>>> print(open('entry-v3.txt').read())   # compact mmCIF, C-alpha atoms
# COMPACT_ATOMS: atom_id res chain seq x y z
CA GLU J 124 -16.25 8.30 -2.11
CA ALA J 125 -13.09 7.73 -0.12
CA GLY J 126 -10.08 6.65 -2.13
CA VAL J 127 -7.65 3.78 -1.67
CA ALA J 128 -5.82 4.19 1.65
CA GLN J 129 -2.25 2.99 2.16
CA SER J 130 0.12 3.09 5.09
CA PRO J 131 2.79 3.87 5.95
CA ARG J 132 3.70 6.59 3.45
CA TYR J 133 7.42 6.07 3.89
CA LYS J 134 9.58 3.29 5.29
CA ILE J 135 13.35 2.99 5.59
CA ILE J 136 14.85 -0.38 6.56
CA GLU J 137 18.17 -2.14 6.33
CA LYS J 138 18.66 -5.08 4.00
CA ARG J 139 17.62 -8.44 5.41
CA GLN J 140 14.99 -6.79 7.63
CA SER J 141 11.28 -7.34 7.14
CA VAL J 142 8.57 -4.81 6.31
CA ALA J 143 4.80 -4.81 5.85
CA PHE J 144 2.49 -2.51 3.95
CA TRP J 145 -1.24 -2.08 4.45
CA CYS J 146 -4.00 -1.23 1.98
CA ASN J 147 -7.68 -0.45 2.42
CA PRO J 148 -9.45 -0.42 -0.96
CA ILE J 149 -12.47 1.59 -2.00
CA SER J 150 -15.57 0.24 -0.28
CA GLY J 151 -17.26 -2.46 -2.30
CA HIS J 152 -14.34 -3.04 -4.66
CA ALA J 153 -13.90 -6.77 -5.11
CA THR J 154 -10.55 -6.68 -6.91
CA LEU J 155 -7.34 -5.50 -5.27
CA TYR J 156 -3.89 -5.17 -6.84
CA TRP J 157 -0.39 -4.58 -5.53
CA TYR J 158 2.00 -2.92 -7.94
CA GLN J 159 5.71 -2.19 -7.57
CA GLN J 160 7.00 1.03 -9.13
CA ILE J 161 10.77 1.40 -9.32
CA LEU J 162 12.01 4.96 -9.77
CA GLY J 163 11.68 6.06 -13.40
CA GLN J 164 9.59 3.07 -14.45
CA GLY J 165 5.94 2.20 -14.86
CA PRO J 166 4.07 0.20 -12.22
CA LYS J 167 4.53 -3.57 -12.41
CA LEU J 168 1.89 -5.96 -11.07
CA LEU J 169 2.96 -8.10 -8.14
CA ILE J 170 -0.31 -9.74 -7.16
CA GLN J 171 -4.04 -9.50 -7.83
CA PHE J 172 -6.85 -10.58 -5.51
CA GLN J 173 -10.49 -11.22 -6.35
CA ASN J 174 -12.23 -10.94 -2.98
CA ASN J 175 -9.85 -12.98 -0.77
CA GLY J 176 -8.57 -15.29 -3.50
CA VAL J 177 -5.40 -14.84 -5.55
CA VAL J 178 -6.03 -14.36 -9.28
CA ASP J 179 -2.49 -13.63 -10.47
CA ASP J 180 0.77 -13.80 -8.54
CA SER J 181 3.01 -14.80 -11.43
CA GLN J 182 5.33 -11.79 -10.94
CA LEU J 183 5.54 -12.01 -7.14
CA PRO J 184 9.00 -13.08 -5.83
CA LYS J 185 7.53 -15.72 -3.58
CA ASP J 186 10.78 -16.52 -1.81
CA ARG J 187 10.61 -13.14 -0.07
CA PHE J 188 7.26 -11.49 -0.81
CA SER J 189 3.89 -12.54 0.57
CA ALA J 190 0.45 -10.97 0.55
CA GLU J 191 -2.93 -11.69 2.00
CA ARG J 192 -6.40 -10.24 1.86
CA LEU J 193 -8.32 -11.50 4.84
CA LYS J 194 -12.10 -11.25 4.61
CA GLY J 195 -11.82 -9.81 1.11
CA VAL J 196 -11.30 -6.21 2.25
CA ASP J 197 -7.95 -4.94 3.60
CA SER J 198 -4.69 -6.36 2.34
CA THR J 199 -1.12 -6.56 3.57
CA LEU J 200 2.04 -7.04 1.54
CA LYS J 201 5.14 -8.28 3.33
CA ILE J 202 8.79 -8.49 2.33
CA GLN J 203 11.11 -10.75 4.32
CA PRO J 204 14.06 -10.46 4.01
CA ALA J 205 14.38 -7.21 2.06
CA LYS J 206 17.04 -6.63 -0.58
CA LEU J 207 18.47 -3.37 -1.89
CA GLU J 208 16.63 -3.86 -5.19
CA ASP J 209 13.30 -3.84 -3.35
CA SER J 210 13.61 -0.06 -2.98
CA ALA J 211 10.53 1.23 -4.79
CA VAL J 212 7.05 2.65 -4.32
CA TYR J 213 4.47 -0.01 -3.56
CA LEU J 214 1.09 0.95 -4.95
CA CYS J 215 -2.23 -0.57 -4.05
CA ALA J 216 -5.16 -0.30 -6.46
CA SER J 217 -8.73 -1.53 -6.48
CA SER J 218 -11.52 -1.94 -8.99
CA SER J 219 -15.12 -3.00 -8.84
CA MET J 220 -14.93 -5.41 -11.74
CA TRP J 221 -15.45 -9.12 -11.44
CA ALA J 222 -13.25 -11.75 -13.03
CA GLY J 223 -13.91 -11.83 -16.75
CA GLY J 224 -15.28 -8.28 -16.85
CA ASN J 225 -13.24 -5.46 -18.24
CA ASN J 226 -15.14 -2.22 -17.85
CA SER J 227 -14.00 -0.95 -14.47
CA PRO J 228 -11.02 1.38 -14.07
CA LEU J 229 -8.28 0.88 -11.48
CA HIS J 230 -8.09 3.41 -8.65
CA PHE J 231 -4.69 3.80 -7.03
CA GLY J 232 -3.59 4.83 -3.57
CA ASN J 233 -0.64 7.18 -3.04
CA GLY J 234 1.71 4.32 -2.30
CA THR J 235 4.37 3.46 0.26
CA ARG J 236 7.89 4.56 -0.59
CA LEU J 237 10.34 1.90 0.61
CA THR J 238 14.06 2.56 0.91
CA VAL J 239 16.31 -0.40 1.67
CA THR J 240 19.83 0.55 2.84
CA GLY Y 11 3.79 -11.02 -21.01
CA GLU Y 12 2.39 -8.07 -22.91
CA ASN Y 13 4.81 -5.21 -23.62
CA VAL Y 14 3.90 -1.57 -24.08
CA GLU Y 15 6.39 0.85 -25.60
CA GLN Y 16 5.89 4.51 -24.77
CA HIS Y 17 7.50 7.53 -26.44
CA PRO Y 18 8.88 10.04 -25.80
CA SER Y 19 10.33 9.53 -22.33
CA THR Y 20 10.48 13.29 -21.77
CA LEU Y 21 8.57 16.10 -23.45
CA SER Y 22 8.90 19.82 -22.92
CA VAL Y 23 6.33 22.20 -24.41
CA GLN Y 24 5.48 25.84 -23.99
CA GLU Y 25 2.25 26.78 -22.30
CA GLY Y 26 -0.57 26.79 -24.83
CA ASP Y 27 1.09 24.32 -27.18
CA SER Y 28 -0.09 20.75 -27.77
CA ALA Y 29 1.54 17.58 -26.46
CA VAL Y 30 1.30 14.11 -27.96
CA ILE Y 31 2.43 10.85 -26.35
CA LYS Y 32 2.32 7.55 -28.21
CA CYS Y 33 2.22 3.92 -27.11
CA THR Y 34 2.56 0.78 -29.19
CA TYR Y 35 1.63 -2.78 -28.29
CA SER Y 36 1.86 -6.22 -29.86
CA ASP Y 37 -1.07 -8.34 -28.67
CA SER Y 38 -4.17 -7.88 -30.83
CA ALA Y 39 -6.28 -9.20 -27.93
CA SER Y 40 -5.65 -5.97 -26.01
CA ASN Y 41 -9.01 -4.28 -25.60
CA TYR Y 42 -8.84 -1.46 -23.03
CA PHE Y 43 -6.40 1.46 -23.09
CA PRO Y 44 -6.34 3.93 -20.18
CA TRP Y 45 -4.02 6.85 -19.59
CA TYR Y 46 -2.86 7.82 -16.12
CA LYS Y 47 -1.31 11.02 -14.78
CA GLN Y 48 1.08 10.75 -11.86
CA GLU Y 49 2.14 13.79 -9.86
CA LEU Y 50 5.09 13.77 -7.49
CA GLY Y 51 4.40 11.76 -4.35
CA LYS Y 52 1.01 10.55 -5.54
CA GLY Y 53 -0.42 7.45 -7.12
CA PRO Y 54 -1.43 7.31 -10.80
CA GLN Y 55 -4.77 8.95 -11.55
CA LEU Y 56 -6.94 7.93 -14.49
CA ILE Y 57 -7.46 10.83 -16.90
CA ILE Y 58 -9.04 9.16 -19.93
CA ASP Y 59 -9.59 5.68 -21.35
CA ILE Y 60 -10.71 4.08 -24.59
CA ARG Y 61 -12.01 0.66 -25.52
CA SER Y 62 -11.11 -1.32 -28.60
CA ASN Y 63 -14.45 -0.70 -30.33
CA VAL Y 64 -13.86 3.08 -30.36
CA GLY Y 65 -11.32 5.01 -32.45
CA GLU Y 66 -11.25 8.31 -30.59
CA LYS Y 67 -12.45 9.82 -27.35
CA LYS Y 68 -12.26 13.40 -26.16
CA ASP Y 69 -12.70 15.07 -22.79
CA GLN Y 70 -12.17 18.84 -22.87
CA ARG Y 71 -8.46 19.40 -23.59
CA ILE Y 72 -7.57 15.71 -23.54
CA ALA Y 73 -8.15 13.18 -26.31
CA VAL Y 74 -7.07 9.61 -26.97
CA THR Y 75 -6.89 7.94 -30.38
CA LEU Y 76 -6.61 4.23 -31.09
CA ASN Y 77 -5.36 2.56 -34.25
CA LYS Y 78 -6.05 -1.16 -33.81
CA THR Y 79 -4.58 -2.11 -37.18
CA ALA Y 80 -1.24 -0.48 -36.40
CA LYS Y 81 -1.50 -1.39 -32.70
CA HIS Y 82 -0.86 2.05 -31.29
CA PHE Y 83 -2.74 4.61 -29.24
CA SER Y 84 -1.93 8.20 -28.42
CA LEU Y 85 -2.73 10.86 -25.83
CA HIS Y 86 -3.28 14.39 -27.08
CA ILE Y 87 -3.30 17.38 -24.74
CA THR Y 88 -4.22 20.73 -26.27
CA GLU Y 89 -3.70 24.22 -24.85
CA THR Y 90 -1.28 22.88 -22.25
CA GLN Y 91 -1.10 24.54 -18.84
CA PRO Y 92 1.60 24.42 -16.14
CA GLU Y 93 -0.61 22.10 -14.06
CA ASP Y 94 -0.40 19.53 -16.85
CA SER Y 95 3.25 18.99 -15.86
CA ALA Y 96 3.49 15.42 -14.55
CA VAL Y 97 4.44 11.88 -15.60
CA TYR Y 98 1.94 10.24 -17.93
CA PHE Y 99 1.56 6.48 -18.30
CA CYS Y 100 -0.28 4.53 -20.93
CA ALA Y 101 -1.62 1.11 -19.98
CA LEU Y 102 -3.66 -1.70 -21.44
CA ARG Y 103 -5.71 -4.77 -20.65
CA THR Y 104 -5.55 -7.94 -22.71
CA GLY Y 105 -8.27 -10.54 -23.12
CA THR Y 106 -10.39 -11.19 -20.05
CA ALA Y 107 -7.65 -10.36 -17.55
CA SER Y 108 -8.42 -7.31 -15.43
CA LYS Y 109 -4.84 -6.33 -14.61
CA LEU Y 110 -3.19 -3.40 -16.37
CA THR Y 111 0.22 -3.47 -18.05
CA PHE Y 112 1.89 -0.06 -18.00
CA GLY Y 113 4.22 1.77 -20.33
CA THR Y 114 7.47 3.29 -19.13
CA GLY Y 115 6.10 6.80 -18.67
CA THR Y 116 6.54 10.25 -20.23
CA ARG Y 117 7.66 13.20 -18.14
CA LEU Y 118 5.80 16.24 -19.50
CA GLN Y 119 7.02 19.69 -18.59
CA VAL Y 120 4.97 22.72 -19.54
CA THR Y 121 7.01 25.88 -19.45
CA LEU Y 122 5.74 29.44 -19.23
>>> encode(input="entry-v3.txt", output="structure tokens")
Amino acid sequence: EAGVAQSPRYKIIEKRQSVAFWCNPISGHATLYWYQQILGQGPKLLIQFQNNGVVDDSQLPKDRFSAERLKGVDSTLKIQPAKLEDSAVYLCASSSMWAGGNNSPLHFGNGTRLTVT
Amino acid sequence: GENVEQHPSTLSVQEGDSAVIKCTYSDSASNYFPWYKQELGKGPQLIIDIRSNVGEKKDQRIAVTLNKTAKHFSLHITETQPEDSAVYFCALRTGTASKLTFGTGTRLQVTL
């Protein structure tokens, strides 16, 4: 089966600019996650979708970050305006589990490396 | 939120030796404990996982042990090979939530 697809692979922007990342999960996976991984740290959850609804966005900086998952398939994550501390790898993951279930592993894409100058 | 402490942060072993990485947690409601391997420029890849009703699981050279009483779980890699060199992350799920909380990572280097 095809894995989680993300684009672009790399992005360099200046602070205060905007940027968007795209994710296509594994076919049939109902749950989609966006994680932020700062260099030298473990991934940190930003937002979780179940189909096209938000399950958890408690760690999303909502003043500058937004995400959507139209039609419950692809998802985009946007940052506007970007700050220097947003430099990180943004990872998308998907799983086939439904809310309340806990037996399905997360499958990650290769991420988008963002550099804010 | 749930915290996961992971040690050591770096580990260097000679080819053929064993490597052990340990993670500790605080919430007794944690019930699923996967380990991920991340190579340079790639996303984390699941290598083994264990659920709270199991104490140990093995897959060829890789094993994971869970001590629910002490709230820690460990990754064991035997007969290490150069291709085992990567960053390893422990993670866990708590309660009915499906999200994973990750440890801080261990950079494993296997030298010849």
>>> interface_residues(input="entry-v3.txt", of="chain Y", to="chain J", cutoff="10 Å", atoms="all atoms listed in the file", output="number ranges by chain")
Y: 19, 41-42, 44, 46, 48-56, 58-59, 61, 97-101, 103-117
>>> atom_distance(input="entry-v3.txt", atom1="atom CA of Ser38 of chain Y", atom2="atom CA of Val14 of chain Y")
12.3 Å
>>> residues_around(input="entry-v3.txt", residues="Thr79 of chain Y", least_positions_apart="3", cutoff="12 Å", atoms="only C-alpha atoms", output="CSV table (one decimal) with C-alpha atoms, in the coordinates of the input")
chain,number,residue,atom,x,y,z
Y,34,THR,CA,2.6,0.8,-29.2
Y,35,TYR,CA,1.6,-2.8,-28.3
Y,36,SER,CA,1.9,-6.2,-29.9
Y,37,ASP,CA,-1.1,-8.3,-28.7
Y,38,SER,CA,-4.2,-7.9,-30.8
Y,39,ALA,CA,-6.3,-9.2,-27.9
Y,40,SER,CA,-5.6,-6.0,-26.0
Y,62,SER,CA,-11.1,-1.3,-28.6
Y,65,GLY,CA,-11.3,5.0,-32.4
Y,76,LEU,CA,-6.6,4.2,-31.1
Y,82,HIS,CA,-0.9,2.0,-31.3
Y,83,PHE,CA,-2.7,4.6,-29.2
>>> residues_around(input="entry-v3.txt", residues="Lys134 of chain J", least_positions_apart="3", cutoff="7 Å", atoms="only C-alpha atoms", output="NGL selection string")
:J and (131 or 236-238)
>>> atom_distance(input="entry-v3.txt", atom1="atom CA of Gln182 of chain J", atom2="atom CA of Gln129 of chain J")
21.2 Å
>>> closest_residue(input="entry-v3.txt", among="Y:Val30, Y:Ile87, Y:Ala96, Y:Leu21", to="Gln70 of chain Y", atoms="all atoms listed in the file")
Y:Ile87
>>> closest_residue(input="entry-v3.txt", among="J:Ser217, J:Gln160, J:Ser130, J:Ser181", to="Val142 of chain J", atoms="only C-alpha atoms")
J:Ser130
>>> closest_residue(input="entry-v3.txt", among="Y:Arg71, Y:Lys47, Y:His17, Y:Lys81", to="Lys32 of chain Y", atoms="only C-alpha atoms")
Y:His17
>>> atom_distance(input="entry-v3.txt", atom1="atom CA of Trp45 of chain Y", atom2="atom CA of Ala125 of chain J")
21.5 Å
>>> closest_residue(input="entry-v3.txt", among="J:Lys185, J:Thr199, J:Leu207, J:Ile135", to="Pro148 of chain J", atoms="only C-alpha atoms")
J:Thr199
>>> decode(input="entry-v3.txt", residues="chain Y", atoms="C-alpha atoms", output="mmCIF file, in the first residue's frame")
data_model
loop_
_atom_site.group_PDB
_atom_site.id
_atom_site.type_symbol
_atom_site.label_atom_id
_atom_site.label_comp_id
_atom_site.auth_asym_id
_atom_site.auth_seq_id
_atom_site.Cartn_x
_atom_site.Cartn_y
_atom_site.Cartn_z
ATOM 1 C CA GLY Y 11 -0.314 16.327 29.423
ATOM 2 C CA GLU Y 12 1.454 12.993 29.616
ATOM 3 C CA ASN Y 13 5.260 13.097 29.828
ATOM 4 C CA VAL Y 14 7.646 10.421 28.621
ATOM 5 C CA GLU Y 15 11.265 10.449 29.727
ATOM 6 C CA GLN Y 16 13.721 8.631 27.483
ATOM 7 C CA HIS Y 17 17.309 7.641 28.258
ATOM 8 C CA PRO Y 18 20.016 7.723 27.122
ATOM 9 C CA SER Y 19 19.962 10.584 24.627
ATOM 10 C CA THR Y 20 22.923 9.092 22.762
ATOM 11 C CA LEU Y 21 24.231 5.543 22.674
ATOM 12 C CA SER Y 22 27.279 4.193 20.892
ATOM 13 C CA VAL Y 23 27.825 0.438 20.631
ATOM 14 C CA GLN Y 24 30.113 -1.807 18.665
ATOM 15 C CA GLU Y 25 28.666 -3.969 15.940
ATOM 16 C CA GLY Y 26 27.361 -7.199 17.420
ATOM 17 C CA ASP Y 27 26.770 -5.764 20.880
ATOM 18 C CA SER Y 28 23.343 -5.156 22.424
ATOM 19 C CA ALA Y 29 21.636 -1.798 22.890
ATOM 20 C CA VAL Y 30 18.989 -0.929 25.466
ATOM 21 C CA ILE Y 31 16.863 2.227 25.563
ATOM 22 C CA LYS Y 32 14.484 2.952 28.424
ATOM 23 C CA CYS Y 33 11.409 5.136 28.788
ATOM 24 C CA THR Y 34 9.455 6.025 31.901
ATOM 25 C CA TYR Y 35 5.964 7.468 32.194
ATOM 26 C CA SER Y 36 3.639 8.646 34.945
ATOM 27 C CA ASP Y 37 0.033 7.992 33.891
ATOM 28 C CA SER Y 38 -1.134 4.487 34.800
ATOM 29 C CA ALA Y 39 -3.879 4.815 32.158
ATOM 30 C CA SER Y 40 -1.249 4.541 29.411
ATOM 31 C CA ASN Y 41 -1.995 1.364 27.500
ATOM 32 C CA TYR Y 42 -0.069 1.230 24.212
ATOM 33 C CA PHE Y 43 3.694 1.606 23.826
ATOM 34 C CA PRO Y 44 5.237 1.716 20.333
ATOM 35 C CA TRP Y 45 8.839 2.282 19.340
ATOM 36 C CA TYR Y 46 9.769 4.198 16.209
ATOM 37 C CA LYS Y 47 13.011 4.384 14.241
ATOM 38 C CA GLN Y 48 13.790 7.592 12.388
ATOM 39 C CA GLU Y 49 16.514 7.772 9.763
ATOM 40 C CA LEU Y 50 17.908 11.040 8.461
ATOM 41 C CA GLY Y 51 15.440 12.879 6.248
ATOM 42 C CA LYS Y 52 12.638 10.398 6.842
ATOM 43 C CA GLY Y 53 9.584 10.149 9.028
ATOM 44 C CA PRO Y 54 9.426 7.850 12.070
ATOM 45 C CA GLN Y 55 8.824 4.201 11.216
ATOM 46 C CA LEU Y 56 7.162 1.779 13.624
ATOM 47 C CA ILE Y 57 9.488 -1.085 14.528
ATOM 48 C CA ILE Y 58 7.686 -2.777 17.417
ATOM 49 C CA ASP Y 59 4.835 -2.105 19.833
ATOM 50 C CA ILE Y 60 3.400 -3.581 23.009
ATOM 51 C CA ARG Y 61 0.068 -3.289 24.765
ATOM 52 C CA SER Y 62 -0.484 -2.987 28.481
ATOM 53 C CA ASN Y 63 -1.732 -6.565 28.885
ATOM 54 C CA VAL Y 64 1.594 -7.983 27.648
ATOM 55 C CA GLY Y 65 4.946 -7.935 29.458
ATOM 56 C CA GLU Y 66 7.306 -8.691 26.597
ATOM 57 C CA LYS Y 67 7.285 -8.922 22.825
ATOM 58 C CA LYS Y 68 10.032 -10.015 20.476
ATOM 59 C CA ASP Y 69 10.571 -9.687 16.743
ATOM 60 C CA GLN Y 70 13.864 -11.179 15.542
ATOM 61 C CA ARG Y 71 16.639 -8.969 16.974
ATOM 62 C CA ILE Y 72 14.261 -6.470 18.554
ATOM 63 C CA ALA Y 73 12.347 -6.872 21.806
ATOM 64 C CA VAL Y 74 10.290 -4.596 24.023
ATOM 65 C CA THR Y 75 9.598 -5.135 27.722
ATOM 66 C CA LEU Y 76 6.956 -3.404 29.819
ATOM 67 C CA ASN Y 77 6.868 -3.025 33.591
ATOM 68 C CA LYS Y 78 3.465 -1.525 34.405
ATOM 69 C CA THR Y 79 4.114 -1.426 38.146
ATOM 70 C CA ALA Y 80 7.276 0.627 37.746
ATOM 71 C CA LYS Y 81 5.846 2.495 34.731
ATOM 72 C CA HIS Y 82 8.719 1.911 32.369
ATOM 73 C CA PHE Y 83 9.292 0.130 29.080
ATOM 74 C CA SER Y 84 12.478 -0.662 27.223
ATOM 75 C CA LEU Y 85 13.699 -1.433 23.709
ATOM 76 C CA HIS Y 86 16.336 -4.132 23.345
ATOM 77 C CA ILE Y 87 18.318 -4.590 20.137
ATOM 78 C CA THR Y 88 20.630 -7.598 19.990
ATOM 79 C CA GLU Y 89 23.468 -8.302 17.557
ATOM 80 C CA THR Y 90 23.478 -4.683 16.412
ATOM 81 C CA GLN Y 91 24.377 -3.872 12.810
ATOM 82 C CA PRO Y 92 25.489 -0.601 11.187
ATOM 83 C CA GLU Y 93 22.033 -0.216 9.619
ATOM 84 C CA ASP Y 94 20.561 -0.014 13.119
ATOM 85 C CA SER Y 95 22.176 3.435 13.431
ATOM 86 C CA ALA Y 96 19.311 5.945 13.673
ATOM 87 C CA VAL Y 97 17.264 7.933 16.190
ATOM 88 C CA TYR Y 98 14.819 5.834 18.199
ATOM 89 C CA PHE Y 99 11.692 7.236 19.839
ATOM 90 C CA CYS Y 100 9.453 5.661 22.404
ATOM 91 C CA ALA Y 101 5.822 6.736 22.486
ATOM 92 C CA LEU Y 102 2.612 5.943 24.290
ATOM 93 C CA ARG Y 103 -1.152 6.247 24.190
ATOM 94 C CA THR Y 104 -3.235 7.027 27.253
ATOM 95 C CA GLY Y 105 -6.853 6.078 27.853
ATOM 96 C CA THR Y 106 -9.097 6.143 24.810
ATOM 97 C CA ALA Y 107 -7.177 8.887 23.020
ATOM 98 C CA SER Y 108 -5.562 7.745 19.790
ATOM 99 C CA LYS Y 109 -2.765 10.317 19.656
ATOM 100 C CA LEU Y 110 0.794 9.354 20.557
ATOM 101 C CA THR Y 111 3.031 11.219 22.994
ATOM 102 C CA PHE Y 112 6.703 10.825 22.121
ATOM 103 C CA GLY Y 113 9.898 10.663 24.123
ATOM 104 C CA THR Y 114 12.859 12.890 23.364
ATOM 105 C CA GLY Y 115 14.726 10.332 21.269
ATOM 106 C CA THR Y 116 17.935 8.296 21.475
ATOM 107 C CA ARG Y 117 20.605 8.600 18.810
ATOM 108 C CA LEU Y 118 22.090 5.116 18.373
ATOM 109 C CA GLN Y 119 25.397 4.741 16.599
ATOM 110 C CA VAL Y 120 26.690 1.288 15.756
ATOM 111 C CA THR Y 121 30.384 1.310 15.038
ATOM 112 C CA LEU Y 122 32.389 -1.295 13.160
#
